[in-house]
Structures are given as structure tokens and as C-alpha cells.
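Below: the structure, in C-alpha cells.
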Amino acid sequence: MTEETPEEVLYCQWHPKVETALRCYQCGAPICSRCARRTPTGYICPACRKGHLRRFESFKNYDYIVVAVTALFLGGLASLIPLIPMSGWFIFIISPLAGTMIAEAVSRLTGRRQSRHLWKIVVAAVVIGSLPLLLFDAFVGIAAFMNGNAWGIWDLFYTLIHLPLVIGAIVLRLRLR
Ligand SMILES: [Zn+2]
Ligand SMILES: [Zn+2]
């Protein structure tokens, strides 16, 4: 048996006076409880954490504005789809396609930088951008139906189904890579 090494005393790399027993799971640096952040894989030091953030959160501040404005505009444009006369069941193809194109557009405009919140911003902007036309279209559909035009209910159906189809495609494309 080799001689027993006494319990090693570690000092936090960021607070050299603070004793600690924790080590960063990634780089092995000693860290105190104030510096350590618990992650699903273990404690992580401030330096490695910043590296993580940079990898996962490379979004720049103006990216959010670019994304919001683009998604607002394209979402509004896409809300014309249910208004296309006789768009019918094609909406199940066209609307998800529009969603994919919106996702692709914002992704390109932001240099494919990443953010956990990207899909939420896009969805919110698309909803807001589509509401005016969709509400108008739904109103027209209901009014037509009330006046005895059976197609009014289909108009309403396509209007209601459009947004979930677009959002579904956006979430599929932008959430989790
Ligand atoms: Zn580390
Ligand atoms: Zn510390």
C-alpha cells in the first residue's frame, strides 16, 4: 500500500483565500461555492461557463431586433395565404412551407448565431404580424356564414388552421438543434 495522501486543501481559483472541495467538472479548476454553477453534468467554473454561453448563446443584441422585425413582416405576408381564393387543402402544404421559409430567413439574417429564445421571438412576432389579416379574414368568414354562405365556415377553418401550421414549422426548424 502506498502512503496515504492527506486530504488535499484546495483554494478557489477566483478567490484564493477561500478553501473549497469543489472542482470544475470540465477544466478541473478548484472553485468555491460562490463561483460554482451547478449544471446537469456537475459544477462548472466561471471561465468554462462563459465558454458554454458563447457556444449556445452567440446571439448579438441587434439580432433580436432583426429577428422580430423580419418575423413580423414575413408573418404578416404569410397571413395572406388563407385569403388566396380557393387555397383549400393546399394550405396544409403552403402554410408550413411559409413557416420554414420564415425560420430559414431569420436564421440566415442572424448569421446562424444561436439563441435559446430564438424560436419564441419568431413565433411571437409571426403571431402579432398575422393577427390583423387573420382576424379580418375570420370576421369575413363568420359574417358570410351568418348570411347563409356555407363557404364562410371553410374560410374560417383555413384562417384558424393557418397560424398553427406556420408556428409548427417554425418550432420544428428553430427549436433544439
Ligand atoms: Zn472550468
Ligand atoms: Zn470562488
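Identifiers in the C-alpha cells: chain A, B, ... in order shown; residue index from 1 per chain; ligand index from 1 in order shown.
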
Which chains and residue numbers are within 12 Å of ligand 2, counting only C-alpha atoms and all ligand atoms, if I want them as a PyMOL selection string? chain A and resi 10-24+29-37+44-47

So which residues touch A:Ser107 within 12 Å, counting only C-alpha atoms, skipping near sequence neighbours fewer than 5 positions away, as a PDB file with C-alpha atoms, in the first residue's frame?
ATOM      1  CA  PHE A  59     -26.859  35.913 -30.391  1.00  0.00           C
ATOM      2  CA  ASP A  63     -30.114  40.042 -33.744  1.00  0.00           C
ATOM      3  CA  TYR A  64     -33.255  40.134 -31.627  1.00  0.00           C
ATOM      4  CA  VAL A  66     -33.619  41.843 -36.847  1.00  0.00           C
ATOM      5  CA  VAL A  67     -35.484  38.650 -35.964  1.00  0.00           C
ATOM      6  CA  ALA A  68     -38.527  40.432 -34.539  1.00  0.00           C
ATOM      7  CA  THR A  70     -38.318  40.114 -40.112  1.00  0.00           C
ATOM      8  CA  ALA A  71     -40.718  37.654 -38.496  1.00  0.00           C
ATOM      9  CA  THR A 100     -39.984  27.000 -42.829  1.00  0.00           C
ATOM     10  CA  MET A 101     -39.070  29.928 -45.062  1.00  0.00           C
ATOM     11  CA  ILE A 102     -39.535  32.413 -42.225  1.00  0.00           C
ATOM     12  CA  ARG A 112     -26.932  31.300 -37.931  1.00  0.00           C
ATOM     13  CA  ARG A 113     -25.991  32.558 -34.496  1.00  0.00           C
ATOM     14  CA  GLN A 114     -27.901  30.722 -31.844  1.00  0.00           C
ATOM     15  CA  SER A 115     -30.211  31.586 -29.013  1.00  0.00           C
ATOM     16  CA  LEU A 118     -34.929  32.485 -30.992  1.00  0.00           C
ATOM     17  CA  TRP A 119     -37.974  30.348 -31.748  1.00  0.00           C
ATOM     18  CA  VAL A 122     -40.081  34.359 -34.091  1.00  0.00           C
ATOM     19  CA  ILE A 170     -41.012  27.359 -37.219  1.00  0.00           C
ATOM     20  CA  ARG A 173     -36.920  24.273 -37.585  1.00  0.00           C
ATOM     21  CA  LEU A 174     -35.616  26.534 -34.832  1.00  0.00           C
ATOM     22  CA  ARG A 175     -36.077  24.722 -31.562  1.00  0.00           C
TER      23      ARG A 175
END

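Here atom CA of A:Leu131 is placed at a distance of 16.4 Å from atom CA of A:Ile84.
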
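Computed from the coordinates, the atom CA of A:Ala125 to atom CA of A:Leu72 distance equals 4.6 Å.
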
Give me the residues near A:Phe139 as a PyMOL selection string, where near means some atom within 12 Å (using only C-alpha atoms) and where sequence neighbours in that chain fewer than 5 positions away do not count. chain A and resi 131-134+144-146+152-153+155-157+159-160

Keeping only N, CA and C atoms, write the selected residues to a file as a PDB file, in the first residue's frame.
ATOM      1  N   LEU A 131     -51.994  38.619 -37.011  1.00  0.00           N
ATOM      2  CA  LEU A 131     -53.311  38.832 -36.412  1.00  0.00           C
ATOM      3  C   LEU A 131     -54.249  39.757 -37.177  1.00  0.00           C
ATOM      4  N   PRO A 132     -53.764  40.932 -37.625  1.00  0.00           N
ATOM      5  CA  PRO A 132     -54.713  41.846 -38.291  1.00  0.00           C
ATOM      6  C   PRO A 132     -55.456  41.187 -39.453  1.00  0.00           C
ATOM      7  N   LEU A 133     -54.689  40.579 -40.377  1.00  0.00           N
ATOM      8  CA  LEU A 133     -55.319  39.966 -41.546  1.00  0.00           C
ATOM      9  C   LEU A 133     -56.161  38.745 -41.172  1.00  0.00           C
ATOM     10  N   LEU A 134     -55.644  37.944 -40.242  1.00  0.00           N
ATOM     11  CA  LEU A 134     -56.368  36.733 -39.869  1.00  0.00           C
ATOM     12  C   LEU A 134     -57.682  37.070 -39.178  1.00  0.00           C
ATOM     13  N   ALA A 144     -70.025  35.980 -43.509  1.00  0.00           N
ATOM     14  CA  ALA A 144     -70.566  35.285 -44.679  1.00  0.00           C
ATOM     15  C   ALA A 144     -71.436  34.116 -44.241  1.00  0.00           C
ATOM     16  N   PHE A 145     -70.961  33.399 -43.229  1.00  0.00           N
ATOM     17  CA  PHE A 145     -71.703  32.243 -42.744  1.00  0.00           C
ATOM     18  C   PHE A 145     -73.039  32.677 -42.156  1.00  0.00           C
ATOM     19  N   MET A 146     -73.016  33.767 -41.417  1.00  0.00           N
ATOM     20  CA  MET A 146     -74.237  34.291 -40.813  1.00  0.00           C
ATOM     21  C   MET A 146     -75.244  34.682 -41.883  1.00  0.00           C
ATOM     22  N   GLY A 152     -68.348  30.264 -45.917  1.00  0.00           N
ATOM     23  CA  GLY A 152     -67.804  31.107 -44.854  1.00  0.00           C
ATOM     24  C   GLY A 152     -67.145  30.283 -43.762  1.00  0.00           C
ATOM     25  N   ILE A 153     -67.723  29.110 -43.477  1.00  0.00           N
ATOM     26  CA  ILE A 153     -67.180  28.261 -42.409  1.00  0.00           C
ATOM     27  C   ILE A 153     -65.837  27.660 -42.820  1.00  0.00           C
ATOM     28  N   ASP A 155     -63.780  29.184 -44.927  1.00  0.00           N
ATOM     29  CA  ASP A 155     -62.889  30.331 -44.865  1.00  0.00           C
ATOM     30  C   ASP A 155     -62.360  30.474 -43.442  1.00  0.00           C
ATOM     31  N   LEU A 156     -63.276  30.326 -42.486  1.00  0.00           N
ATOM     32  CA  LEU A 156     -62.912  30.445 -41.080  1.00  0.00           C
ATOM     33  C   LEU A 156     -61.957  29.318 -40.693  1.00  0.00           C
ATOM     34  N   PHE A 157     -62.243  28.119 -41.159  1.00  0.00           N
ATOM     35  CA  PHE A 157     -61.410  26.955 -40.853  1.00  0.00           C
ATOM     36  C   PHE A 157     -59.978  27.147 -41.339  1.00  0.00           C
ATOM     37  N   THR A 159     -58.523  29.901 -42.021  1.00  0.00           N
ATOM     38  CA  THR A 159     -57.917  31.009 -41.290  1.00  0.00           C
ATOM     39  C   THR A 159     -57.392  30.539 -39.955  1.00  0.00           C
ATOM     40  N   LEU A 160     -58.158  29.696 -39.270  1.00  0.00           N
ATOM     41  CA  LEU A 160     -57.757  29.219 -37.949  1.00  0.00           C
ATOM     42  C   LEU A 160     -56.597  28.222 -38.029  1.00  0.00           C
TER      43      LEU A 160
END

Please list as a PyMOL selection string every residue within 12 Å of A:Ser95, counting only C-alpha atoms and excluding residues in the same chain fewer than 2 positions away. chain A and resi 74-75+77-84+87-93+97-102+158-170

Could you jot down the atom CA of A:Cys48 to atom CA of A:Tyr25 separation for me, Å, one decimal place?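 These two atoms are separated by 9.4 Å.
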
For the structure I just gave you, how does DSSP split stretch 7-109 of chain A - specifically, which residues are alpha helix (DSSP H)? Reply as JSON, numbers by chain. {"A": [46, 47, 48, 49, 50, 51, 52, 53, 54, 55, 56, 61, 62, 63, 64, 65, 66, 67, 68, 69, 70, 71, 72, 73, 74, 75, 76, 77, 78, 91, 92, 93, 94, 95, 96, 97, 98, 99, 100, 101, 102, 103, 104, 105, 106, 107, 108, 109]}

Determine which residues of stretch 11-171 of chain A receive a DSSP assignment of strand (DSSP E or B), computed from the backbone, and state them as a list in words. Tyr11, Glu19, Thr20, Leu22, Arg23, Pro30, Ile31, Arg37, Arg38, Thr39, Gly42, Tyr43 and Ile44 of chain A

Selection from above, C-alpha atoms, as a PDB file, in the first residue's frame, can you write it?
ATOM      1  CA  TYR A  11      -8.281  27.094  -2.871  1.00  0.00           C
ATOM      2  CA  GLU A  19     -10.950  26.852   0.776  1.00  0.00           C
ATOM      3  CA  THR A  20     -13.079  24.506  -1.215  1.00  0.00           C
ATOM      4  CA  LEU A  22     -15.249  21.558  -5.440  1.00  0.00           C
ATOM      5  CA  ARG A  23     -13.646  21.290  -8.806  1.00  0.00           C
ATOM      6  CA  PRO A  30     -10.825  24.431  -7.865  1.00  0.00           C
ATOM      7  CA  ILE A  31     -13.897  26.591  -7.354  1.00  0.00           C
ATOM      8  CA  ARG A  37     -22.644  26.839 -11.045  1.00  0.00           C
ATOM      9  CA  ARG A  38     -24.469  23.581 -10.905  1.00  0.00           C
ATOM     10  CA  THR A  39     -25.181  22.080 -14.323  1.00  0.00           C
ATOM     11  CA  GLY A  42     -21.609  18.802 -12.493  1.00  0.00           C
ATOM     12  CA  TYR A  43     -20.188  22.033 -11.106  1.00  0.00           C
ATOM     13  CA  ILE A  44     -18.668  24.392 -13.601  1.00  0.00           C
TER      14      ILE A  44
END

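The residue that comes closest to ligand 1, out of A:Val127, A:Cys27, A:Ala138, A:Leu172 and on the basis of only C-alpha atoms and all ligand atoms, is A:Cys27.
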